[in-house]
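Asks: Sharing run_23.cif below, mmCIF, C-alpha atoms:
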```cif
data_structure
loop_
_atom_site.label_atom_id
_atom_site.label_comp_id
_atom_site.auth_asym_id
_atom_site.auth_seq_id
_atom_site.Cartn_x
_atom_site.Cartn_y
_atom_site.Cartn_z
CA ARG A 1 -3.76 2.51 13.76
CA LYS A 2 -2.12 -0.91 13.62
CA PRO A 3 1.40 0.39 12.81
CA CYS A 4 1.09 2.91 15.64
CA SER A 5 -0.03 0.16 18.03
CA ARG A 6 3.14 -1.77 17.23
CA LEU A 7 5.19 1.35 17.93
CA VAL A 8 3.47 1.84 21.27
CA THR A 9 4.32 -1.76 22.21
CA LEU A 10 7.99 -1.21 21.33
CA CYS A 11 8.27 2.06 23.17
CA SER A 12 6.55 0.80 26.29
CA SER A 13 8.77 -2.29 26.59
CA PRO A 14 10.73 -2.11 29.86
CA SER A 15 13.79 -3.75 28.33
CA ASP A 16 13.95 -2.08 24.95
CA ARG A 17 13.10 1.53 24.20
CA PRO A 18 14.37 2.11 20.63
CA CYS A 19 14.31 5.64 19.31
CA LEU A 20 12.08 5.28 16.28
CA SER A 21 11.86 7.90 13.57
CA MET A 22 8.19 8.54 14.30
CA CYS A 23 8.52 8.58 18.09
CA CYS A 24 10.70 10.99 20.03
CA THR A 25 10.98 13.73 22.61
CA LEU A 26 14.04 15.67 23.68
CA ALA A 27 14.72 13.36 26.62
CA THR A 28 12.91 10.06 26.11
CA CYS A 29 11.54 7.88 23.35
CA CYS A 30 7.74 7.92 23.04
CA CYS A 31 5.10 7.23 20.43
CA CYS A 32 3.19 9.80 18.38
CA SER A 33 -0.12 9.18 16.68
CA LEU A 34 -0.08 9.19 12.87
CA SER A 35 -3.31 11.16 12.98
CA VAL A 36 -1.58 14.00 14.86
CA ILE A 37 1.22 14.10 12.28
CA LEU A 38 -1.26 14.10 9.41
CA GLY A 39 -3.32 16.77 11.14
CA ALA A 40 -0.31 19.05 11.47
CA LEU A 41 0.57 18.55 7.80
CA VAL A 42 -2.99 19.26 6.70
CA ALA A 43 -3.08 22.46 8.78
CA PHE A 44 0.18 23.57 7.19
CA VAL A 45 -1.08 22.74 3.70
CA ALA A 46 -4.16 24.88 4.21
CA LEU A 47 -1.97 27.97 4.71
CA ILE A 48 -0.07 27.59 1.41
CA PRO A 49 -1.44 29.07 -1.86
CA SER A 50 -2.70 26.54 -4.40
CA GLY A 51 -0.43 25.05 -7.08
CA ASP A 52 -1.17 24.96 -10.81
CA SER A 53 -2.54 21.40 -11.09
CA SER A 54 -5.46 19.46 -9.68
CA PRO A 55 -5.60 15.72 -8.87
CA LYS A 56 -7.44 13.26 -11.08
CA CYS A 57 -7.96 9.61 -10.13
CA PHE A 58 -7.82 6.76 -12.64
CA PRO A 59 -7.94 2.94 -12.51
CA ASN A 60 -4.53 1.42 -11.82
CA ALA A 61 -5.04 -0.89 -14.81
CA ASP A 62 -5.03 2.19 -17.08
CA VAL A 63 -1.60 3.45 -16.02
CA GLU A 64 0.00 2.83 -19.44
CA ARG A 65 -2.85 4.74 -21.13
CA VAL A 66 -3.00 7.63 -18.64
CA LEU A 67 0.65 8.50 -18.01
CA PRO A 68 2.15 10.31 -21.02
CA LEU A 69 4.92 8.30 -22.67
CA ALA A 70 8.11 10.05 -23.76
CA PRO A 71 8.58 10.84 -27.47
CA THR A 72 10.50 8.15 -29.35
CA SER A 73 13.30 10.69 -29.96
CA TYR A 74 14.18 10.61 -26.25
CA PRO A 75 16.99 8.34 -24.97
CA GLU A 76 15.97 4.77 -24.13
CA GLU A 77 16.63 5.52 -20.45
CA PHE A 78 13.65 7.91 -20.45
CA GLN A 79 11.27 5.64 -22.37
CA GLY A 80 8.26 3.87 -20.84
CA ILE A 81 6.99 3.89 -17.25
CA LEU A 82 9.07 3.28 -14.12
CA TRP A 83 7.93 1.93 -10.75
CA MET A 84 9.81 3.23 -7.72
CA ASP A 85 9.76 0.28 -5.30
CA GLN A 86 10.92 2.31 -2.31
CA GLY A 87 9.28 0.11 0.28
CA GLY A 88 10.83 -3.12 -1.04
CA ILE A 89 7.50 -4.68 -1.98
CA TYR A 90 8.99 -6.60 -4.90
CA GLY A 91 12.76 -6.42 -4.43
CA HIS A 92 15.12 -5.56 -1.61
CA SER A 93 15.13 -2.01 -0.21
CA ASP A 94 17.14 -0.22 2.48
CA ILE A 95 14.44 2.44 2.83
CA PRO A 96 12.42 1.89 6.04
CA LEU A 97 9.41 3.94 4.89
CA GLY A 98 8.61 4.79 1.29
CA ALA A 99 6.84 7.91 0.04
CA PRO A 100 3.21 7.48 -1.10
CA ASP A 101 4.05 7.69 -4.82
CA LEU A 102 3.96 4.86 -7.33
CA ALA A 103 5.17 5.31 -10.92
CA LEU A 104 6.45 7.94 -13.31
CA SER A 105 7.08 8.61 -16.96
CA PHE A 106 9.01 11.29 -18.86
CA GLY A 107 6.37 12.33 -21.37
CA ASP A 108 5.06 15.51 -19.72
CA THR A 109 6.29 17.70 -22.58
CA GLY A 110 4.02 20.53 -21.44
CA TYR A 111 6.32 20.93 -18.44
CA SER A 112 9.77 19.99 -19.69
CA LYS A 113 11.49 18.52 -22.73
CA TRP A 114 14.69 16.50 -23.07
CA ASP A 115 17.65 18.81 -23.67
CA PRO A 116 20.37 16.91 -25.58
CA THR A 117 22.91 19.66 -24.91
CA THR A 118 22.74 19.56 -21.11
CA ARG A 119 21.41 15.96 -21.13
CA THR A 120 18.73 16.98 -18.64
CA MET A 121 14.99 17.06 -18.25
CA SER A 122 12.59 17.79 -15.40
CA VAL A 123 9.55 15.96 -14.07
CA ASP A 124 6.83 17.73 -12.09
CA VAL A 125 5.78 15.42 -9.24
CA ALA A 126 2.37 17.12 -9.17
CA GLY A 127 1.93 16.80 -12.92
CA PRO A 128 0.42 14.18 -15.25
CA ALA A 129 3.57 12.01 -15.43
CA TRP A 130 3.79 11.23 -11.69
CA THR A 131 1.44 8.80 -9.94
CA TRP A 132 0.39 8.96 -6.29
CA MET A 133 -1.34 6.45 -4.02
CA ASN A 134 -5.03 7.10 -3.50
CA SER A 135 -4.59 7.46 0.25
CA GLY A 136 -4.51 10.09 2.99
CA LEU A 137 -0.74 10.35 2.86
CA GLY A 138 -0.86 10.53 -0.92
CA TYR A 139 -3.26 13.51 -0.77
CA VAL A 140 -1.08 15.36 1.74
CA PHE A 141 2.23 14.73 -0.03
CA TYR A 142 0.81 15.64 -3.44
CA THR A 143 -0.71 18.86 -2.12
CA LEU A 144 2.50 19.91 -0.37
CA MET A 145 4.62 19.19 -3.47
CA ASN A 146 2.17 20.95 -5.76
CA LYS A 147 2.05 24.10 -3.67
CA ALA A 148 5.82 24.13 -3.16
CA GLY A 149 6.59 23.82 -6.87
CA PHE A 150 8.64 20.69 -6.24
CA PHE A 151 10.14 18.80 -9.17
CA TYR A 152 13.04 16.49 -9.99
CA LEU A 153 15.77 17.37 -12.44
CA PHE A 154 17.24 14.29 -14.15
CA GLU A 155 20.75 14.47 -15.62
CA LEU A 156 21.87 11.52 -17.79
CA ASN A 157 25.59 10.78 -18.13
CA LEU A 158 27.21 10.34 -21.52
CA ASP A 159 27.07 6.54 -21.69
CA GLY A 160 23.55 6.28 -20.27
CA THR A 161 24.55 4.27 -17.20
CA VAL A 162 23.87 6.83 -14.45
CA ILE A 163 21.16 9.44 -13.89
CA GLN A 164 21.83 12.12 -11.28
CA VAL A 165 18.53 13.17 -9.69
CA TYR A 166 18.27 16.65 -8.17
CA PRO A 167 15.38 17.52 -5.81
CA SER A 168 14.35 20.98 -6.96
CA LEU A 169 11.94 23.86 -6.38
CA ASN A 170 10.30 26.12 -8.94
CA LEU A 171 9.78 29.40 -7.09
CA GLY A 172 8.34 31.31 -10.01
CA GLN A 173 9.92 34.75 -10.38
CA LEU A 174 12.57 33.81 -7.81
CA GLY A 175 13.88 31.09 -10.12
CA LYS A 176 14.51 27.37 -9.88
CA PHE A 177 16.78 25.85 -7.28
CA SER A 178 18.27 22.35 -7.02
CA LEU A 179 19.83 20.66 -4.01
CA PRO A 180 23.55 20.17 -4.69
CA ALA A 181 24.64 16.53 -5.05
CA ARG A 182 27.50 17.12 -2.61
CA ILE A 183 24.92 17.68 0.15
CA MET A 184 22.50 14.91 -0.80
CA SER A 185 23.09 12.71 -3.80
CA PHE A 186 20.33 10.70 -5.47
CA THR A 187 21.45 8.57 -8.41
CA MET A 188 19.89 5.93 -10.61
CA GLU A 189 22.55 3.43 -11.67
CA LYS A 190 21.75 1.04 -14.50
CA VAL A 191 21.62 -2.61 -13.43
CA VAL A 192 23.48 -5.09 -15.65
CA HIS A 193 21.40 -8.30 -15.79
CA PRO A 194 23.33 -11.55 -15.30
CA LYS A 195 22.91 -13.98 -18.18
CA GLY A 196 19.94 -16.30 -17.65
CA ALA A 197 18.81 -14.61 -14.42
CA CYS A 198 15.91 -12.57 -15.83
CA PRO A 199 13.01 -12.55 -15.68
CA PRO A 200 12.97 -13.89 -12.11
CA THR A 201 10.85 -16.88 -11.10
CA GLY A 202 8.31 -16.95 -8.29
CA SER A 203 10.83 -18.57 -5.96
CA THR A 204 13.55 -15.95 -6.47
CA SER A 205 14.46 -14.09 -3.27
CA LYS A 206 14.17 -10.32 -3.01
CA LYS A 207 17.95 -10.05 -2.83
CA ASP A 208 18.26 -11.88 -6.15
CA ILE A 209 15.23 -10.32 -7.82
CA VAL A 210 16.96 -6.93 -7.83
CA LYS A 211 19.51 -8.33 -10.30
CA CYS A 212 16.70 -7.90 -12.84
CA ALA A 213 15.83 -4.32 -11.87
CA THR A 214 16.18 -1.49 -14.37
CA TRP A 215 17.90 0.92 -11.99
CA ASP A 216 19.60 0.83 -8.60
CA ARG A 217 18.41 3.99 -6.85
CA VAL A 218 21.24 5.10 -4.53
CA SER A 219 20.97 7.76 -1.81
CA LYS A 220 23.90 9.21 0.12
CA GLY A 221 24.68 12.46 1.88
CA PHE A 222 27.50 14.74 2.96
CA PHE A 223 28.12 12.75 6.14
CA SER A 224 27.76 9.29 4.54
CA PRO A 225 31.54 8.60 4.56
CA LEU A 226 31.49 8.87 8.36
CA VAL A 227 29.15 5.90 8.78
CA GLY A 228 30.38 3.67 5.97
CA SER A 229 27.85 1.42 4.27
CA TYR A 230 25.11 2.60 6.65
CA GLY A 231 25.26 6.00 4.99
CA VAL A 232 24.37 4.64 1.55
CA LEU A 233 20.81 3.44 0.92
CA HIS A 234 19.53 1.45 -2.04
CA TYR A 235 16.13 0.70 -3.47
CA TYR A 236 15.30 -0.50 -6.96
CA VAL A 237 13.38 0.92 -9.90
CA TRP A 238 11.58 -1.27 -12.41
CA LYS A 239 10.46 -0.52 -15.94
CA ILE A 240 6.90 -1.83 -16.09
CA VAL A 241 5.89 -0.47 -19.51
CA ASP A 242 8.19 0.00 -22.51
CA GLY A 243 8.35 2.98 -24.85
CA GLN A 244 5.61 1.56 -27.10
CA GLY A 245 3.18 1.06 -24.22
CA ASN A 246 3.70 -2.70 -23.87
CA LYS A 247 3.53 -4.29 -20.42
CA LEU A 248 6.78 -5.78 -19.15
CA GLN A 249 6.22 -8.91 -17.08
CA PRO A 250 6.41 -10.00 -14.31
CA TYR A 251 7.17 -6.45 -13.18
CA TYR A 252 3.91 -4.94 -14.40
CA ASP A 253 1.80 -7.44 -12.47
CA ALA A 254 3.89 -6.94 -9.32
CA TYR A 255 3.34 -3.20 -9.61
CA MET A 256 -0.38 -3.64 -10.21
CA GLN A 257 -0.78 -5.81 -7.11
CA PHE A 258 1.01 -3.23 -4.96
CA ALA A 259 -0.85 -0.27 -6.45
CA ASP A 260 -4.20 -1.94 -5.77
CA GLN A 261 -3.21 -2.78 -2.19
CA SER A 262 -2.04 0.79 -1.54
CA CYS A 263 -5.47 2.25 -2.28
CA ALA A 264 -7.03 3.58 0.95
CA PRO A 265 -9.31 6.56 0.17
CA SER A 266 -9.99 9.07 2.94
CA SER A 267 -12.93 11.40 2.36
CA THR A 268 -11.96 13.48 5.40
CA LEU A 269 -8.44 14.21 4.21
CA ARG A 270 -9.61 14.76 0.63
CA GLY A 271 -11.94 17.41 1.87
CA LEU A 272 -9.36 19.05 4.13
CA VAL A 273 -6.80 19.48 1.34
CA GLY A 274 -9.42 20.43 -1.25
CA ILE A 275 -9.48 17.35 -3.52
CA THR A 276 -12.92 17.21 -5.15
CA ASP A 277 -12.60 14.40 -7.72
CA ALA A 278 -15.41 11.98 -6.84
CA SER A 279 -13.67 9.08 -8.60
CA CYS A 280 -11.05 9.13 -5.82
CA SER A 281 -13.59 7.57 -3.46
CA THR A 282 -13.21 4.12 -5.04
CA CYS A 283 -10.45 1.52 -5.45
CA SER A 284 -8.42 0.19 -7.27
CA THR A 285 -7.26 3.65 -8.26
CA ALA A 286 -4.35 6.06 -8.04
CA PHE A 287 -4.09 9.72 -9.05
CA HIS A 288 -1.93 12.22 -10.87
CA GLY A 289 -2.05 15.98 -11.43
CA VAL A 290 -3.81 17.56 -14.39
CA ARG A 291 -3.04 21.15 -15.37
CA GLU A 292 -5.63 23.61 -16.56
CA LYS A 293 -3.03 25.78 -18.30
CA ALA A 294 0.46 25.42 -19.73
CA THR A 295 3.32 26.00 -17.32
CA ALA A 296 6.28 28.30 -17.67
CA ALA A 297 8.62 25.31 -17.58
CA SER A 298 7.63 23.93 -20.98
CA ALA A 299 10.96 24.88 -22.51
CA PRO A 300 13.84 22.37 -22.56
CA ALA A 301 15.20 21.69 -19.08
CA THR A 302 18.25 23.57 -17.90
CA LYS A 303 20.43 23.03 -14.88
CA SER A 304 18.77 24.91 -12.00
CA SER A 305 20.66 27.17 -9.66
CA GLU A 306 21.94 25.26 -6.66
CA LEU A 307 20.75 26.21 -3.20
#
```
Represent the supplied structure as C-alpha cells.

Replies:
Amino acid sequence: RKPCSRLVTLCSSPSDRPCLSMCCTLATCCCCSLSVILGALVAFVALIPSGDSSPKCFPNADVERVLPLAPTSYPEEFQGILWMDQGGIYGHSDIPLGAPDLALSFGDTGYSKWDPTTRTMSVDVAGPAWTWMNSGLGYVFYTLMNKAGFFYLFELNLDGTVIQVYPSLNLGQLGKFSLPARIMSFTMEKVVHPKGACPPTGSTSKKDIVKCATWDRVSKGFFSPLVGSYGVLHYYVWKIVDGQGNKLQPYYDAYMQFADQSCAPSSTLRGLVGITDASCSTCSTAFHGVREKATAASAPATKSSEL
C-alpha cells in the first residue's frame, strides 16, 4: 500500500504527472492498485494447468544446504550459489523494479547437465536450484513460470568471461524455444577486480562496491542503439557461496539481510495459487520448487530453437 500511495501522490501532482510503468491509461497518467494487478495475475494463473514442481519453503540461513551445488567437474563459472541483486540492494543497479527471486545454483542435474560440446546448460526457475521470495509476488511469479515451463539457457564463451542468457520455454511435445539474443540480449560479463579493492569496506559506495561483483548482468534490446546508454541496463550478480559450500563474505551476509527483509507471507495469495506448504507462513524463509518425478530435460542441455 505504501508504494502505491507514493504513486498516487506523484500522479495527482498538478505540476508533474510522470507516466510511471505501473500507472497509465491511453490518454492520461493515473495510478493502479497493486492488488488489482495481483488479482488479475492470480485469475490468469488459475486457468493454466499445473507445472511439474511444487514449492517448498526453507530458512534463508540454510540456502547453501538446500540449493544443489554443481558437480566439481563443471566450469568454475557455474560453481557455488549466485545472488541476483536486481534491485540494487547491495550494489548499483539500473533496474527500477526487480523480480521477486533471490539466488540460484547450477546443480539441478535432474533437469539439465553441463554440455561441454555446446558449452550450455539450463536452469529451471521453478526447480530446486532457483530461490524465490516468500511473498505474494513470489508466489505469483513462481506459479506462472512453473506452469509456462519457463527456464534459462546459459551459454558460456570459450574463455569463460561472458555467459549469454536465453529466456526460454519448454512446451513439451512442441519443443523448447529460446528468445533470440538479437531481439533481447541478456549477458553476464565477468568483473575484473581492481587490485586491493575487494572485499569492499562498510564505507564503500554502491558504485564502487560493484567493482567486487562476480558478474555484470547486462540487458539490451533490438532498439537499444536508438537510445544510446539508456538502452543498456546493468545490475550485478554476486557469488555468495563457493563450489565447496563455503560462505563468501561480506556478500553472503548482505544477501542474508536482504532475503530476510523480503519475506512477507500472504496466506490469501498462497491459497489462491494453490501453495499448501505450511512452513511458508513464517519468516525468515524463502522457497524453491521440488519435483515429484524426473523431468524430460535431464539430458545435457542443447541450444533450443529460437522463436

Asks: Once the PyMOL selection byres ((chain A and resi 118-127) around 7) has been applied to the shown file, what residues remain in the selection, as a list in words?

Replies: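 Output from the PyMOL selection byres ((chain A and resi 118-127) around 7), applied to this file: Ser53, Phe106, Ser112, Lys113, Trp114, Asp115, Pro116, Thr117, Pro128, Ala129, Trp130, Tyr142, Met145, Asn146, Phe150, Phe151, Tyr152, Leu153, Phe154, Glu155, Leu156, His288, Gly289, Val290, Pro300, Ala301 and Thr302 of chain A.
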
Asks: Within 6 Å of range 271-285 of chain A, counting only C-alpha atoms, which residues qualify if same-chain residues fewer than 2 places away don't, as a ChimeraX atom specification?

Replies: /A:57-60,260,263,265,268-269

Asks: Work out how far apart CA of Pro75 in chain A and CA of Lys206 in chain A are and give it in Å to one decimal.

Replies: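 Straight-line distance from CA of Pro75 in chain A to CA of Lys206 in chain A works out to 29.0 Å.
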
Asks: By how many Å are CA of Gly160 in chain A and CA of Gln79 in chain A apart?

Replies: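 For CA of Gly160 in chain A relative to CA of Gln79 in chain A, the distance reads 12.5 Å.
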
Asks: Evaluate the PyMOL selection byres ((chain A and resi 82) around 8) on the structure here and hand back the selected residues as a count of residues only.

Replies: 12

Asks: Please report the interatomic distance between CA of Pro100 in chain A and CA of Ser205 in chain A in Å with one decimal.

Replies: 24.4 Å

Asks: Quick one: of A:Met184, A:Leu158, A:Leu144, A:Ala264, who's nearest to Lys220 in chain A, counting all atoms listed in the file?

Replies: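 Comparing A:Met184, A:Leu158, A:Leu144, A:Ala264 against Lys220 in chain A, the winner is A:Met184.
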
Asks: Output the residue selection produced by the PyMOL selection byres ((chain A and resi 169) around 9) on the file above, formatted as a ChimeraX atom specification.

Replies: /A:148-152,167-168,170-171,175-179,304

Asks: Take the residues from that selection and write them out as a PDB file, keeping the file's coordinate frame, keeping C-alpha atoms.

Replies:
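Everything below was put into out25.pdb:
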```pdb
ATOM      1  CA  ALA A 148       5.820  24.130  -3.160  1.00  0.00           C
ATOM      2  CA  GLY A 149       6.590  23.820  -6.870  1.00  0.00           C
ATOM      3  CA  PHE A 150       8.640  20.690  -6.240  1.00  0.00           C
ATOM      4  CA  PHE A 151      10.140  18.800  -9.170  1.00  0.00           C
ATOM      5  CA  TYR A 152      13.040  16.490  -9.990  1.00  0.00           C
ATOM      6  CA  PRO A 167      15.380  17.520  -5.810  1.00  0.00           C
ATOM      7  CA  SER A 168      14.350  20.980  -6.960  1.00  0.00           C
ATOM      8  CA  ASN A 170      10.300  26.120  -8.940  1.00  0.00           C
ATOM      9  CA  LEU A 171       9.780  29.400  -7.090  1.00  0.00           C
ATOM     10  CA  GLY A 175      13.880  31.090 -10.120  1.00  0.00           C
ATOM     11  CA  LYS A 176      14.510  27.370  -9.880  1.00  0.00           C
ATOM     12  CA  PHE A 177      16.780  25.850  -7.280  1.00  0.00           C
ATOM     13  CA  SER A 178      18.270  22.350  -7.020  1.00  0.00           C
ATOM     14  CA  LEU A 179      19.830  20.660  -4.010  1.00  0.00           C
ATOM     15  CA  SER A 304      18.770  24.910 -12.000  1.00  0.00           C
TER      16      SER A 304
END
```

Asks: Quick one: everything within 7 Å of Trp132 in chain A, counting all atoms listed in the file, minus sequence neighbours fewer than 4 positions away in the same chain. Send it as a PyMOL selection string.

Replies: chain A and resi 100-102+138+286-288

Asks: Between A:Gly91, A:Gly172, A:Pro200, A:Gly243, which is the closest to Asp216 in chain A once you count all atoms listed in the file?

Replies: A:Gly91

Asks: Return the single residue from A:Asn246, A:Ser229, A:Cys212, A:Ala254 that is closest to Leu69 in chain A, with distances computed using all atoms listed in the file.

Replies: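 Closest candidate: A:Asn246.
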
Asks: Atoms are missing here; could range 115-144 of chain A be completed with N, CA and C atoms and written as a PDB file, in the frame of the given file?

Replies:
```
ATOM      1  N   ASP A 115      16.671  17.895 -23.106  1.00  0.00           N
ATOM      2  CA  ASP A 115      17.650  18.810 -23.670  1.00  0.00           C
ATOM      3  C   ASP A 115      18.922  18.020 -23.984  1.00  0.00           C
ATOM      4  N   PRO A 116      19.201  17.716 -25.249  1.00  0.00           N
ATOM      5  CA  PRO A 116      20.370  16.910 -25.580  1.00  0.00           C
ATOM      6  C   PRO A 116      21.699  17.604 -25.316  1.00  0.00           C
ATOM      7  N   THR A 117      21.677  18.924 -25.174  1.00  0.00           N
ATOM      8  CA  THR A 117      22.910  19.660 -24.910  1.00  0.00           C
ATOM      9  C   THR A 117      23.351  19.494 -23.462  1.00  0.00           C
ATOM     10  N   THR A 118      22.423  19.718 -22.534  1.00  0.00           N
ATOM     11  CA  THR A 118      22.740  19.560 -21.110  1.00  0.00           C
ATOM     12  C   THR A 118      22.463  18.148 -20.614  1.00  0.00           C
ATOM     13  N   ARG A 119      21.797  17.339 -21.462  1.00  0.00           N
ATOM     14  CA  ARG A 119      21.410  15.960 -21.130  1.00  0.00           C
ATOM     15  C   ARG A 119      20.544  15.939 -19.867  1.00  0.00           C
ATOM     16  N   THR A 120      19.610  16.868 -19.792  1.00  0.00           N
ATOM     17  CA  THR A 120      18.730  16.980 -18.640  1.00  0.00           C
ATOM     18  C   THR A 120      17.271  17.086 -19.062  1.00  0.00           C
ATOM     19  N   MET A 121      16.400  16.751 -18.136  1.00  0.00           N
ATOM     20  CA  MET A 121      14.990  17.060 -18.250  1.00  0.00           C
ATOM     21  C   MET A 121      14.380  17.028 -16.858  1.00  0.00           C
ATOM     22  N   SER A 122      13.244  17.691 -16.706  1.00  0.00           N
ATOM     23  CA  SER A 122      12.590  17.790 -15.400  1.00  0.00           C
ATOM     24  C   SER A 122      11.262  17.067 -15.414  1.00  0.00           C
ATOM     25  N   VAL A 123      10.855  16.592 -14.229  1.00  0.00           N
ATOM     26  CA  VAL A 123       9.550  15.960 -14.070  1.00  0.00           C
ATOM     27  C   VAL A 123       8.850  16.601 -12.879  1.00  0.00           C
ATOM     28  N   ASP A 124       7.665  17.111 -13.118  1.00  0.00           N
ATOM     29  CA  ASP A 124       6.830  17.730 -12.090  1.00  0.00           C
ATOM     30  C   ASP A 124       6.117  16.630 -11.313  1.00  0.00           C
ATOM     31  N   VAL A 125       6.394  16.504 -10.013  1.00  0.00           N
ATOM     32  CA  VAL A 125       5.780  15.420  -9.240  1.00  0.00           C
ATOM     33  C   VAL A 125       4.284  15.643  -9.025  1.00  0.00           C
ATOM     34  N   ALA A 126       3.804  16.855  -9.272  1.00  0.00           N
ATOM     35  CA  ALA A 126       2.370  17.120  -9.170  1.00  0.00           C
ATOM     36  C   ALA A 126       1.722  17.201 -10.541  1.00  0.00           C
ATOM     37  N   GLY A 127       2.440  16.741 -11.561  1.00  0.00           N
ATOM     38  CA  GLY A 127       1.930  16.800 -12.920  1.00  0.00           C
ATOM     39  C   GLY A 127       1.399  15.475 -13.417  1.00  0.00           C
ATOM     40  N   PRO A 128       1.067  15.386 -14.702  1.00  0.00           N
ATOM     41  CA  PRO A 128       0.420  14.180 -15.250  1.00  0.00           C
ATOM     42  C   PRO A 128       1.323  12.969 -15.379  1.00  0.00           C
ATOM     43  N   ALA A 129       2.658  13.132 -15.245  1.00  0.00           N
ATOM     44  CA  ALA A 129       3.570  12.010 -15.430  1.00  0.00           C
ATOM     45  C   ALA A 129       4.015  11.371 -14.119  1.00  0.00           C
ATOM     46  N   TRP A 130       3.400  11.762 -13.011  1.00  0.00           N
ATOM     47  CA  TRP A 130       3.790  11.230 -11.690  1.00  0.00           C
ATOM     48  C   TRP A 130       2.534  10.698 -10.995  1.00  0.00           C
ATOM     49  N   THR A 131       2.605   9.462 -10.531  1.00  0.00           N
ATOM     50  CA  THR A 131       1.440   8.800  -9.940  1.00  0.00           C
ATOM     51  C   THR A 131       1.553   8.715  -8.437  1.00  0.00           C
ATOM     52  N   TRP A 132       0.447   8.997  -7.750  1.00  0.00           N
ATOM     53  CA  TRP A 132       0.390   8.960  -6.290  1.00  0.00           C
ATOM     54  C   TRP A 132      -0.634   7.925  -5.819  1.00  0.00           C
ATOM     55  N   MET A 133      -0.378   7.369  -4.630  1.00  0.00           N
ATOM     56  CA  MET A 133      -1.340   6.450  -4.020  1.00  0.00           C
ATOM     57  C   MET A 133      -2.623   7.199  -3.685  1.00  0.00           C
ATOM     58  N   ASN A 134      -3.741   6.544  -3.918  1.00  0.00           N
ATOM     59  CA  ASN A 134      -5.030   7.100  -3.500  1.00  0.00           C
ATOM     60  C   ASN A 134      -5.213   6.811  -2.012  1.00  0.00           C
ATOM     61  N   SER A 135      -4.575   7.644  -1.197  1.00  0.00           N
ATOM     62  CA  SER A 135      -4.590   7.460   0.250  1.00  0.00           C
ATOM     63  C   SER A 135      -4.431   8.810   0.932  1.00  0.00           C
ATOM     64  N   GLY A 136      -4.667   8.842   2.247  1.00  0.00           N
ATOM     65  CA  GLY A 136      -4.510  10.090   2.990  1.00  0.00           C
ATOM     66  C   GLY A 136      -3.126  10.681   2.852  1.00  0.00           C
ATOM     67  N   LEU A 137      -2.103   9.855   3.011  1.00  0.00           N
ATOM     68  CA  LEU A 137      -0.740  10.350   2.860  1.00  0.00           C
ATOM     69  C   LEU A 137      -0.470  10.824   1.443  1.00  0.00           C
ATOM     70  N   GLY A 138      -1.024  10.111   0.471  1.00  0.00           N
ATOM     71  CA  GLY A 138      -0.860  10.530  -0.920  1.00  0.00           C
ATOM     72  C   GLY A 138      -1.433  11.916  -1.149  1.00  0.00           C
ATOM     73  N   TYR A 139      -2.635  12.192  -0.612  1.00  0.00           N
ATOM     74  CA  TYR A 139      -3.260  13.510  -0.770  1.00  0.00           C
ATOM     75  C   TYR A 139      -2.370  14.604  -0.177  1.00  0.00           C
ATOM     76  N   VAL A 140      -1.863  14.348   1.037  1.00  0.00           N
ATOM     77  CA  VAL A 140      -1.080  15.360   1.740  1.00  0.00           C
ATOM     78  C   VAL A 140       0.243  15.629   1.023  1.00  0.00           C
ATOM     79  N   PHE A 141       0.950  14.551   0.653  1.00  0.00           N
ATOM     80  CA  PHE A 141       2.230  14.730  -0.030  1.00  0.00           C
ATOM     81  C   PHE A 141       2.041  15.446  -1.367  1.00  0.00           C
ATOM     82  N   TYR A 142       1.054  15.003  -2.140  1.00  0.00           N
ATOM     83  CA  TYR A 142       0.810  15.640  -3.440  1.00  0.00           C
ATOM     84  C   TYR A 142       0.525  17.130  -3.265  1.00  0.00           C
ATOM     85  N   THR A 143      -0.327  17.467  -2.311  1.00  0.00           N
ATOM     86  CA  THR A 143      -0.710  18.860  -2.120  1.00  0.00           C
ATOM     87  C   THR A 143       0.481  19.714  -1.698  1.00  0.00           C
ATOM     88  N   LEU A 144       1.302  19.189  -0.789  1.00  0.00           N
ATOM     89  CA  LEU A 144       2.500  19.910  -0.370  1.00  0.00           C
ATOM     90  C   LEU A 144       3.446  20.140  -1.556  1.00  0.00           C
TER      91      LEU A 144
END
```
